[in-house]
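Structure data follow from query.cif (mmCIF, C-alpha atoms):
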data_data
#
loop_
_atom_site.label_atom_id
_atom_site.label_comp_id
_atom_site.auth_asym_id
_atom_site.auth_seq_id
_atom_site.Cartn_x
_atom_site.Cartn_y
_atom_site.Cartn_z
CA MET H 1 -10.48 -22.70 3.57
CA ALA H 2 -12.54 -19.54 4.21
CA LYS H 3 -11.85 -19.92 7.94
CA ASN H 4 -8.08 -20.13 7.32
CA ILE H 5 -8.12 -17.04 5.11
CA LEU H 6 -10.30 -15.03 7.49
CA GLY H 7 -8.14 -16.12 10.42
CA LEU H 8 -5.29 -14.22 8.77
CA ALA H 9 -7.30 -11.69 6.77
CA VAL H 10 -9.36 -10.20 9.62
CA PRO H 11 -6.40 -9.21 11.81
CA MET H 12 -4.39 -8.27 8.72
CA THR H 13 -7.26 -6.13 7.43
CA LEU H 14 -7.49 -4.40 10.78
CA ALA H 15 -3.72 -4.01 10.67
CA GLN H 16 -3.90 -2.46 7.20
CA LEU H 17 -6.63 -0.07 8.30
CA ILE H 18 -4.70 0.89 11.40
CA ASN H 19 -1.53 1.31 9.34
CA VAL H 20 -3.27 3.91 7.20
CA LEU H 21 -3.77 5.95 10.36
CA TYR H 22 -0.03 6.74 10.39
CA SER H 23 -0.43 9.17 7.52
CA VAL H 24 -4.18 9.72 7.41
CA VAL H 25 -4.43 10.86 11.03
CA ASP H 26 -1.69 13.40 10.29
CA ARG H 27 -3.76 14.77 7.43
CA ILE H 28 -6.95 14.87 9.52
CA TYR H 29 -5.29 16.93 12.26
CA ILE H 30 -3.35 19.11 9.81
CA GLY H 31 -6.53 19.79 7.85
CA HIS H 32 -7.93 21.44 10.97
CA ILE H 33 -4.98 23.74 11.80
CA PRO H 34 -6.48 27.23 12.24
CA HIS H 35 -5.90 29.78 9.43
CA ALA H 36 -3.59 27.48 7.42
CA SER H 37 -5.46 24.19 6.96
CA ALA H 38 -5.80 24.23 3.16
CA GLU H 39 -2.17 25.18 2.47
CA ALA H 40 -0.85 22.78 5.12
CA LEU H 41 -2.99 19.91 3.80
CA THR H 42 -1.80 20.59 0.26
CA GLY H 43 1.81 20.65 1.51
CA ILE H 44 1.37 17.18 3.01
CA GLY H 45 -0.16 16.00 -0.26
CA LEU H 46 3.04 17.01 -2.04
CA CYS H 47 4.98 14.65 0.26
CA LEU H 48 2.83 11.62 -0.63
CA PRO H 49 4.90 10.54 -3.67
CA VAL H 50 8.05 10.37 -1.52
CA ILE H 51 6.22 8.43 1.20
CA THR H 52 4.76 6.13 -1.45
CA ILE H 53 8.18 5.43 -2.96
CA ILE H 54 9.61 4.55 0.48
CA SER H 55 6.67 2.17 0.98
CA ALA H 56 7.39 0.74 -2.47
CA PHE H 57 10.86 -0.37 -1.41
CA ALA H 58 9.43 -1.85 1.80
CA ASN H 59 7.00 -3.81 -0.40
CA LEU H 60 9.78 -4.83 -2.78
CA PHE H 61 11.64 -6.84 -0.15
CA GLY H 62 8.86 -7.45 2.39
CA MET H 63 6.14 -8.63 0.02
CA GLY H 64 8.77 -10.26 -2.19
CA GLY H 65 10.18 -12.39 0.62
CA ALA H 66 6.99 -13.29 2.54
CA PRO H 67 5.37 -15.46 -0.21
CA LEU H 68 8.68 -17.28 -0.70
CA CYS H 69 8.70 -17.93 3.05
CA SER H 70 5.18 -19.39 2.85
CA ILE H 71 6.10 -21.64 -0.08
CA ALA H 72 9.28 -22.80 1.69
CA ARG H 73 7.35 -23.55 4.89
CA GLY H 74 4.76 -25.48 2.89
CA GLY H 75 7.60 -27.59 1.48
CA HIS H 76 9.16 -28.02 4.98
CA GLU H 77 12.28 -26.02 4.03
CA GLU H 78 12.63 -24.03 7.25
CA GLU H 79 16.30 -23.13 6.72
CA ARG H 80 15.56 -21.63 3.31
CA ALA H 81 12.60 -19.73 4.79
CA GLU H 82 14.85 -18.14 7.44
CA LYS H 83 17.43 -17.18 4.81
CA VAL H 84 14.70 -15.50 2.78
CA MET H 85 13.65 -13.48 5.81
CA GLY H 86 17.25 -12.53 6.73
CA ASN H 87 18.14 -11.44 3.21
CA SER H 88 14.94 -9.42 2.96
CA PHE H 89 15.86 -7.57 6.16
CA PHE H 90 19.36 -6.87 4.86
CA MET H 91 17.98 -5.33 1.67
CA LEU H 92 15.37 -3.31 3.57
CA ILE H 93 18.06 -1.65 5.68
CA LEU H 94 20.43 -1.08 2.75
CA SER H 95 17.77 0.47 0.51
CA GLY H 96 16.43 2.52 3.44
CA VAL H 97 19.80 4.19 4.03
CA ILE H 98 20.18 5.04 0.33
CA LEU H 99 16.62 6.39 0.05
CA MET H 100 16.95 8.56 3.15
CA ALA H 101 20.18 10.17 1.95
CA ALA H 102 19.00 10.73 -1.64
CA CYS H 103 15.63 12.22 -0.70
CA LEU H 104 17.10 14.53 1.94
CA ILE H 105 19.65 15.88 -0.54
CA PHE H 106 17.18 16.44 -3.41
CA ARG H 107 13.98 17.23 -1.47
CA ARG H 108 13.68 20.87 -2.65
CA PRO H 109 13.70 20.21 -6.43
CA LEU H 110 11.57 17.10 -5.89
CA LEU H 111 8.83 18.98 -4.03
CA TYR H 112 8.66 21.68 -6.70
CA LEU H 113 8.54 18.97 -9.36
CA PHE H 114 5.57 17.47 -7.51
CA GLY H 115 3.64 20.73 -7.76
CA ALA H 116 4.75 22.84 -4.77
CA SER H 117 4.15 26.59 -4.79
CA SER H 118 5.61 29.35 -2.65
CA ALA H 119 2.58 29.03 -0.36
CA THR H 120 2.86 25.27 0.17
CA TYR H 121 6.58 24.46 -0.07
CA GLY H 122 7.36 25.43 3.54
CA TYR H 123 4.76 23.02 4.94
CA ALA H 124 5.93 20.20 2.66
CA ASP H 125 9.59 20.74 3.55
CA GLN H 126 8.92 20.77 7.31
CA TYR H 127 7.05 17.48 7.14
CA ILE H 128 9.22 15.48 4.74
CA THR H 129 12.55 16.46 6.35
CA VAL H 130 11.54 14.94 9.68
CA TYR H 131 9.73 12.00 8.08
CA LEU H 132 12.82 10.96 6.12
CA ILE H 133 14.87 10.71 9.33
CA GLY H 134 12.61 7.80 10.30
CA THR H 135 13.00 5.94 6.99
CA LEU H 136 14.64 2.88 8.59
CA PHE H 137 11.75 2.59 11.04
CA VAL H 138 9.27 2.56 8.14
CA MET H 139 11.27 -0.04 6.21
CA THR H 140 11.54 -2.34 9.23
CA SER H 141 7.99 -2.11 10.54
CA LEU H 142 6.25 -2.20 7.16
CA GLY H 143 8.58 -4.65 5.39
CA MET H 144 9.29 -7.16 8.18
CA ASN H 145 5.71 -7.30 9.45
CA ASN H 146 4.97 -9.39 6.35
CA PHE H 147 7.12 -12.16 7.84
CA ILE H 148 5.13 -12.18 11.06
CA ASN H 149 1.95 -12.61 9.02
CA SER H 150 3.50 -15.25 6.74
CA GLN H 151 4.17 -17.41 9.80
CA GLY H 152 0.49 -17.32 10.69
CA PHE H 153 0.70 -14.72 13.49
CA GLY H 154 -1.91 -12.37 12.06
CA ARG H 155 -2.85 -10.96 15.46
CA ILE H 156 0.76 -10.15 16.32
CA GLY H 157 1.07 -8.45 12.94
CA MET H 158 -2.02 -6.41 13.73
CA LEU H 159 -0.56 -5.38 17.09
CA THR H 160 2.54 -4.11 15.28
CA VAL H 161 0.60 -1.40 13.52
CA LEU H 162 -1.89 -0.92 16.36
CA LEU H 163 0.97 0.09 18.65
CA GLY H 164 2.25 2.70 16.21
CA ALA H 165 -1.19 3.99 15.26
CA VAL H 166 -2.37 4.48 18.84
CA LEU H 167 0.86 6.31 19.68
CA ASN H 168 0.40 8.50 16.60
CA ILE H 169 -3.19 9.36 17.52
CA ILE H 170 -2.05 10.37 21.02
CA LEU H 171 1.12 12.23 20.01
CA ASP H 172 -0.25 14.10 16.97
CA PRO H 173 -2.47 16.61 18.83
CA LEU H 174 0.19 16.92 21.52
CA PHE H 175 2.95 17.97 19.10
CA ILE H 176 0.73 19.85 16.62
CA PHE H 177 -1.47 21.89 18.97
CA VAL H 178 -0.15 21.71 22.55
CA PHE H 179 3.52 22.23 21.63
CA GLY H 180 2.52 24.45 18.70
CA MET H 181 4.80 22.63 16.24
CA GLY H 182 2.19 22.31 13.47
CA VAL H 183 3.18 20.23 10.45
CA GLN H 184 6.63 19.47 11.85
CA GLY H 185 5.03 18.15 15.04
CA ALA H 186 2.90 15.75 13.00
CA ALA H 187 6.03 14.34 11.37
CA ILE H 188 7.80 13.93 14.73
CA ALA H 189 4.80 12.05 16.14
CA THR H 190 4.79 9.77 13.10
CA VAL H 191 8.51 8.97 13.35
CA ILE H 192 8.27 8.13 17.06
CA SER H 193 5.29 5.87 16.38
CA GLN H 194 7.02 4.07 13.53
CA GLY H 195 10.08 3.56 15.71
CA ALA H 196 7.94 1.82 18.34
CA SER H 197 6.42 -0.47 15.68
CA ALA H 198 9.86 -1.34 14.31
CA ALA H 199 11.12 -2.26 17.80
CA TRP H 200 8.07 -4.50 18.31
CA VAL H 201 8.67 -6.35 15.02
CA LEU H 202 12.35 -6.99 15.74
CA LYS H 203 11.61 -8.14 19.30
CA PHE H 204 9.10 -10.73 18.04
CA LEU H 205 11.15 -12.03 15.10
CA THR H 206 14.20 -12.54 17.33
CA GLY H 207 12.16 -13.97 20.23
CA LYS H 208 11.03 -17.43 21.29
CA LYS H 209 7.51 -17.38 19.84
CA ALA H 210 8.57 -16.89 16.21
CA LEU H 211 8.58 -20.06 14.08
CA LEU H 212 11.27 -18.52 11.87
CA LYS H 213 13.86 -16.41 13.67
CA LEU H 214 15.78 -13.43 12.37
CA SER H 215 19.48 -14.04 12.97
CA ARG H 216 22.81 -12.61 11.80
CA ARG H 217 23.56 -15.86 10.01
CA SER H 218 20.38 -15.61 7.95
CA MET H 219 21.22 -12.00 6.96
CA LYS H 220 24.36 -13.00 5.08
CA PRO H 221 23.72 -11.79 1.52
CA ASP H 222 22.86 -14.52 -0.97
CA LEU H 223 22.74 -12.91 -4.42
CA SER H 224 20.64 -15.64 -6.04
CA LEU H 225 18.10 -15.45 -3.20
CA ILE H 226 18.05 -11.64 -3.27
CA LYS H 227 17.36 -11.81 -7.00
CA GLU H 228 14.45 -14.19 -6.40
CA ILE H 229 13.03 -11.99 -3.62
CA THR H 230 13.38 -8.86 -5.74
CA LEU H 231 11.75 -10.48 -8.76
CA LEU H 232 8.72 -11.61 -6.78
CA GLY H 233 8.47 -8.31 -4.88
CA THR H 234 8.62 -6.28 -8.07
CA SER H 235 4.83 -6.53 -8.37
CA GLY H 236 4.13 -4.72 -5.09
CA PHE H 237 7.04 -2.39 -5.80
CA ALA H 238 5.76 -1.53 -9.27
CA MET H 239 2.26 -0.97 -7.93
CA SER H 240 3.53 1.45 -5.26
CA VAL H 241 6.00 3.24 -7.55
CA THR H 242 3.40 3.66 -10.27
CA ASN H 243 1.03 5.04 -7.62
CA GLY H 244 3.76 7.55 -6.79
CA ILE H 245 4.21 8.44 -10.46
CA VAL H 246 0.46 8.97 -10.85
CA GLN H 247 0.40 11.19 -7.74
CA ILE H 248 3.22 13.29 -9.17
CA VAL H 249 1.54 13.67 -12.56
CA CYS H 250 -1.89 14.39 -11.04
CA ASN H 251 -0.53 17.02 -8.65
CA ALA H 252 1.49 18.70 -11.39
CA VAL H 253 -1.47 18.85 -13.82
CA LEU H 254 -3.89 19.98 -11.10
CA ALA H 255 -1.48 22.66 -9.85
CA ARG H 256 -1.19 24.02 -13.38
CA SER H 257 -4.89 23.86 -14.33
CA GLY H 258 -6.65 24.35 -10.99
CA GLY H 259 -4.14 25.65 -8.45
CA ASP H 260 -3.41 24.64 -4.85
CA LEU H 261 -7.12 24.05 -4.13
CA TYR H 262 -7.29 21.04 -6.46
CA VAL H 263 -4.01 19.62 -5.18
CA GLY H 264 -5.67 19.75 -1.76
CA ILE H 265 -8.74 17.93 -3.12
CA MET H 266 -6.51 15.20 -4.56
CA THR H 267 -4.77 14.91 -1.19
CA VAL H 268 -8.11 14.21 0.48
CA ILE H 269 -9.13 11.76 -2.27
CA ASN H 270 -5.83 9.88 -1.93
CA SER H 271 -6.41 9.69 1.83
CA VAL H 272 -9.92 8.30 1.37
CA ARG H 273 -8.63 5.80 -1.19
CA GLU H 274 -6.03 4.56 1.28
CA ILE H 275 -8.76 3.93 3.85
CA ILE H 276 -11.23 2.15 1.59
CA THR H 277 -8.72 -0.06 -0.24
CA MET H 278 -7.11 -1.34 2.96
CA PRO H 279 -9.77 -4.00 3.68
CA VAL H 280 -9.29 -5.36 0.16
CA THR H 281 -5.51 -5.30 0.61
CA GLY H 282 -5.94 -7.04 3.97
CA LEU H 283 -8.09 -9.77 2.42
CA THR H 284 -5.65 -10.40 -0.43
CA SER H 285 -2.70 -10.31 1.97
CA GLY H 286 -4.47 -12.81 4.22
CA ALA H 287 -5.16 -15.10 1.28
CA GLN H 288 -1.61 -15.05 -0.10
CA PRO H 289 0.03 -17.15 2.66
CA VAL H 290 -2.84 -19.68 2.42
CA ILE H 291 -2.55 -19.85 -1.38
CA GLY H 292 1.25 -20.04 -1.28
CA TYR H 293 1.36 -22.68 1.49
CA ASN H 294 -1.20 -24.97 -0.20
CA TYR H 295 0.47 -24.50 -3.57
CA GLY H 296 3.82 -25.50 -2.05
CA ALA H 297 2.14 -28.52 -0.41
CA GLY H 298 0.46 -29.59 -3.68
CA CYS H 299 -3.12 -29.01 -2.43
CA TYR H 300 -4.41 -27.39 -5.63
CA ARG H 301 -8.13 -27.66 -4.91
CA ARG H 302 -7.59 -25.59 -1.78
CA VAL H 303 -5.69 -23.04 -3.86
CA LYS H 304 -8.68 -22.66 -6.17
CA ASP H 305 -11.12 -22.39 -3.24
CA ALA H 306 -8.96 -19.68 -1.70
CA ILE H 307 -8.87 -17.72 -4.97
CA LYS H 308 -12.68 -17.93 -5.29
CA PHE H 309 -13.29 -16.76 -1.74
CA MET H 310 -10.77 -13.92 -1.97
CA SER H 311 -12.12 -12.66 -5.30
CA ALA H 312 -15.77 -12.74 -4.18
CA GLY H 313 -14.92 -10.91 -0.96
CA CYS H 314 -13.01 -8.18 -2.82
CA ILE H 315 -15.85 -7.59 -5.28
CA VAL H 316 -18.64 -7.48 -2.67
CA PHE H 317 -16.75 -5.08 -0.40
CA SER H 318 -15.80 -2.77 -3.30
CA VAL H 319 -19.42 -2.49 -4.48
CA ILE H 320 -20.55 -1.51 -0.97
CA VAL H 321 -17.79 1.09 -0.71
CA TRP H 322 -18.67 2.51 -4.13
CA ALA H 323 -22.27 3.08 -2.97
CA LEU H 324 -21.15 4.82 0.22
CA LEU H 325 -18.77 7.13 -1.64
CA PHE H 326 -21.34 8.02 -4.27
CA PHE H 327 -24.15 8.91 -1.85
CA GLU H 328 -22.12 10.34 1.07
CA PRO H 329 -18.96 12.03 -0.27
CA ARG H 330 -19.46 15.02 2.04
CA PHE H 331 -18.92 12.85 5.14
CA PHE H 332 -15.48 11.72 3.93
CA LEU H 333 -14.45 15.24 2.95
CA HIS H 334 -15.46 16.62 6.35
CA LEU H 335 -13.04 14.21 8.02
CA PHE H 336 -10.13 16.16 6.53
CA THR H 337 -11.27 19.74 6.17
CA GLN H 338 -13.94 22.32 6.98
CA GLU H 339 -12.99 24.58 4.03
CA THR H 340 -16.28 25.19 2.19
CA GLU H 341 -14.66 25.78 -1.22
CA LEU H 342 -12.60 22.59 -1.00
CA ILE H 343 -15.68 20.58 0.02
CA GLY H 344 -17.86 22.13 -2.70
CA GLN H 345 -15.41 21.33 -5.49
CA GLY H 346 -14.40 18.04 -3.89
CA ILE H 347 -17.84 16.38 -3.95
CA PRO H 348 -18.18 16.04 -7.77
CA ALA H 349 -14.46 15.22 -8.07
CA MET H 350 -14.77 12.40 -5.54
CA ARG H 351 -17.86 10.92 -7.22
CA VAL H 352 -16.11 10.81 -10.58
CA TYR H 353 -12.80 9.47 -9.22
CA PHE H 354 -14.39 6.56 -7.34
CA CYS H 355 -17.15 5.59 -9.77
CA GLY H 356 -15.12 2.58 -11.02
CA ILE H 357 -13.64 1.49 -7.68
CA PHE H 358 -15.51 -1.85 -7.70
CA MET H 359 -13.58 -2.86 -10.83
CA MET H 360 -10.31 -2.19 -9.01
CA ALA H 361 -11.10 -5.26 -6.85
CA LEU H 362 -10.42 -7.45 -9.88
CA GLN H 363 -6.92 -6.00 -10.18
CA PHE H 364 -6.16 -6.61 -6.50
CA ALA H 365 -7.38 -10.22 -6.69
CA GLY H 366 -5.60 -11.02 -9.96
CA GLN H 367 -2.27 -9.60 -8.81
CA ALA H 368 -2.50 -11.28 -5.40
CA VAL H 369 -2.80 -14.68 -7.08
CA SER H 370 0.17 -13.99 -9.34
CA VAL H 371 2.36 -13.03 -6.37
CA ALA H 372 1.20 -15.94 -4.19
CA LEU H 373 1.98 -18.47 -6.95
CA ASN H 374 5.37 -16.93 -7.72
CA ARG H 375 4.40 -15.50 -11.13
CA PRO H 376 6.07 -12.08 -10.78
CA LYS H 377 6.22 -11.08 -14.46
CA GLN H 378 2.45 -11.27 -14.81
CA ALA H 379 1.88 -9.27 -11.61
CA VAL H 380 4.41 -6.60 -12.61
CA PHE H 381 2.99 -6.20 -16.09
CA PHE H 382 -0.51 -5.39 -14.86
CA SER H 383 0.79 -2.94 -12.25
CA ILE H 384 2.56 -1.02 -14.99
CA PHE H 385 -0.25 -1.50 -17.51
CA ARG H 386 -2.97 0.15 -15.42
CA LYS H 387 -0.99 3.04 -13.98
CA VAL H 388 1.73 3.92 -16.49
CA ILE H 389 0.14 2.88 -19.78
CA ILE H 390 -3.45 3.96 -18.99
CA VAL H 391 -3.66 6.47 -16.10
CA VAL H 392 -0.66 8.71 -16.82
CA PRO H 393 -1.49 9.37 -20.51
CA LEU H 394 -5.18 9.90 -19.70
CA THR H 395 -4.28 12.33 -16.89
CA LEU H 396 -2.31 14.40 -19.39
CA ILE H 397 -4.80 14.12 -22.29
CA LEU H 398 -8.31 14.22 -20.77
CA PRO H 399 -8.06 17.74 -19.25
CA MET H 400 -7.63 19.04 -22.83
CA VAL H 401 -10.62 17.10 -24.21
CA GLY H 402 -13.96 18.88 -24.39
CA ASN H 403 -12.97 21.48 -21.77
CA LEU H 404 -12.90 18.82 -19.05
CA GLY H 405 -10.08 20.65 -17.27
CA THR H 406 -9.43 19.40 -13.75
CA MET H 407 -12.32 16.91 -13.99
CA GLY H 408 -10.35 15.07 -16.69
CA VAL H 409 -7.67 14.27 -14.10
CA PHE H 410 -10.23 12.63 -11.82
CA LEU H 411 -11.89 10.79 -14.73
CA ALA H 412 -8.66 8.98 -15.67
CA GLU H 413 -8.87 6.74 -12.57
CA PRO H 414 -12.23 5.00 -13.21
CA VAL H 415 -11.38 4.44 -16.89
CA SER H 416 -8.17 2.68 -15.83
CA ASN H 417 -10.01 0.64 -13.19
CA VAL H 418 -12.38 -0.81 -15.77
CA ILE H 419 -9.75 -1.57 -18.40
CA GLY H 420 -6.90 -2.64 -16.10
CA GLY H 421 -9.01 -4.59 -13.61
CA THR H 422 -10.79 -6.60 -16.30
CA ALA H 423 -7.58 -7.38 -18.17
CA CYS H 424 -5.74 -8.50 -15.02
CA PHE H 425 -8.48 -10.78 -13.69
CA VAL H 426 -9.35 -12.37 -17.04
CA THR H 427 -5.66 -13.07 -17.70
CA MET H 428 -5.38 -14.73 -14.28
CA LEU H 429 -8.37 -16.98 -15.09
CA ILE H 430 -6.94 -17.92 -18.48
CA THR H 431 -3.39 -18.64 -17.28
CA VAL H 432 -3.70 -19.86 -13.67
CA TRP H 433 -6.94 -21.84 -13.64
CA PRO H 434 -5.94 -24.36 -16.33
CA MET H 435 -2.51 -24.72 -14.71
CA LEU H 436 -4.06 -25.67 -11.38
CA ARG H 437 -6.41 -28.17 -13.04
CA GLU H 438 -3.52 -29.87 -14.87
CA GLU H 439 -1.37 -30.02 -11.74
CA LYS H 440 -4.28 -31.40 -9.75
CA SER H 441 -4.80 -34.16 -12.31
CA SER H 442 -1.09 -35.02 -12.24
CA ALA H 443 -1.16 -35.21 -8.45
CA VAL H 444 -4.14 -37.58 -8.53
CA ARG H 445 -2.43 -39.85 -11.07
CA ASN H 446 0.76 -39.95 -9.02
CA GLU H 447 -1.19 -41.09 -5.99
#
Take the structure in this file and express it as structure tokens.
Amino acid sequence: MAKNILGLAVPMTLAQLINVLYSVVDRIYIGHIPHASAEALTGIGLCLPVITIISAFANLFGMGGAPLCSIARGGHEEERAEKVMGNSFFMLILSGVILMAACLIFRRPLLYLFGASSATYGYADQYITVYLIGTLFVMTSLGMNNFINSQGFGRIGMLTVLLGAVLNIILDPLFIFVFGMGVQGAAIATVISQGASAAWVLKFLTGKKALLKLSRRSMKPDLSLIKEITLLGTSGFAMSVTNGIVQIVCNAVLARSGGDLYVGIMTVINSVREIITMPVTGLTSGAQPVIGYNYGAGCYRRVKDAIKFMSAGCIVFSVIVWALLFFEPRFFLHLFTQETELIGQGIPAMRVYFCGIFMMALQFAGQAVSVALNRPKQAVFFSIFRKVIIVVPLTLILPMVGNLGTMGVFLAEPVSNVIGGTACFVTMLITVWPMLREEKSSAVRNE
């Protein structure tokens, strides 16, 4: 069981890490632009909620359809699996067009709502305008890559993001520094890279090697199937959207109480968080097809073994990461900036923000099980519970408690990790574990 999970999880983890490079590499290069690094980095940070929301819709239909594909394959329903994939692609393209148009039209008021100032708006506008033009590339590469992984082609899925990331690493310094295009050049490099990844995904899913092929026939809208995909994908969607909401609230509060400097610090912290949570996301993503397939096939003992292995791996990795972040925060900050003031204020902020990261592993594991076993309501609830019900109110309240100020914004995250992570994982144990034991007993009796 561990071998099956790692066979998918290792390449998927590498893929997740590489995928982060799309945006993180931009921030690393932009953070080193001479004479404008702090303002430019803050400007990119203001774009993160929009980027997060676009990713949320990719997760809605990509992560919503992929587990259904795995369950259908486990039950030898190949035709249904292909229809799930085709309908997911249809919804990815439709939602991508709507998002691109809406965000382009309303980008100015949105960026100021997110905490832009006169010094940072120009950088944010340059980046997001170009980035939005490539929305369909993002939706296709990020959303449809889930269906390559769900068919067991973890290495191909890794190559999808490797192709884009390598191109981005090469093109970023070329457009930013050689062509002198700055922030706008970073966005152009990203769009080109995402376009290459999208082309790779479509070529594979319509080619001979794919077990399930993307075809026009499978894309014909089936409202009942779209509803099922959307319901299951709502967990990943809610998690991404609530992340976007938290970014908006944090940036707005920090801009008001600490200024552009602290928005820049939060930009770096968000970038570091993306890097360190990717291995956990890769492990849970690798476990989901295994859990879903064995659940569809009625192999419940294997489902439980997969859950145990995934949960233990998430916890161990998160503890190691917590230690690294606590003792060496300066190293991570230096990746993104050389500004002494930002680094000086960023060290204590980073230590506080990440002090409960190991408890976040419980949330990842609990939600992954809910999605893999087609229990969307439970997964959605805990996404909303941790971010909207806990983090947002605390972000607004804590800065006013005991003169915490900006530090109260960073403190809200670990408090939510402890409460939300524990609640999610314990609920999974109470609801899923007995269900698997009962179904296992029934299967034995039927034999």
Compile a residue-level contact table for region 134-235 of chain H against region 38-45 of chain H at a cut-off of 12 Å, reporting for every qualifying residue the shortest atom pair and its distance in Å to one decimal, with only C-alpha atoms counted, rows ordered by chain and ascending number, as a tab-separated table.
residue	atom	partner	partner_atom	distance
H:Ile176	CA	H:Ala40	CA	12.0
H:Gly182	CA	H:Ala40	CA	8.9
H:Val183	CA	H:Ala40	CA	7.2
H:Gln184	CA	H:Ile44	CA	10.5
H:Ala186	CA	H:Ile44	CA	10.2
H:Ala187	CA	H:Ile44	CA	10.0
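Comparing H:Leu68, H:Met435, H:Ile53, H:Ala124 by their smallest distance to Ile226 (chain H), the closest is H:Leu68 (using all atoms listed in the file).
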To verify the selection step, state as a PyMOL selection string which residues the PyMOL selection byres ((chain H and resi 104) around 10) yields on this input.
chain H and resi 99-103+105-108+110+125+128-133
Using only C-alpha atoms, can you tell me which of H:Val352, H:Leu113, H:Cys69, H:Met310 comes closest to Ile245 (chain H)?
H:Leu113
Go through H:Ile419, H:Leu48, H:Ala372, H:Met85 one by one, measure the shortest atom-to-atom distance of each to Ser218 (chain H) using all atoms listed in the file, and give the residue with the smallest value.
H:Met85
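Taking CA of Ala119 (chain H) as the reference point, CA of Val268 (chain H) is found at 18.3 Å.
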Given the file above and the PyMOL selection byres ((chain H and resi 346) around 9), which residues are selected, and can you give them as a PyMOL selection string?
chain H and resi 262+265-266+268-269+329-330+333+341-345+347-351
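Here CA of Ala412 (chain H) stands at a distance of 9.8 Å from CA of Lys387 (chain H).
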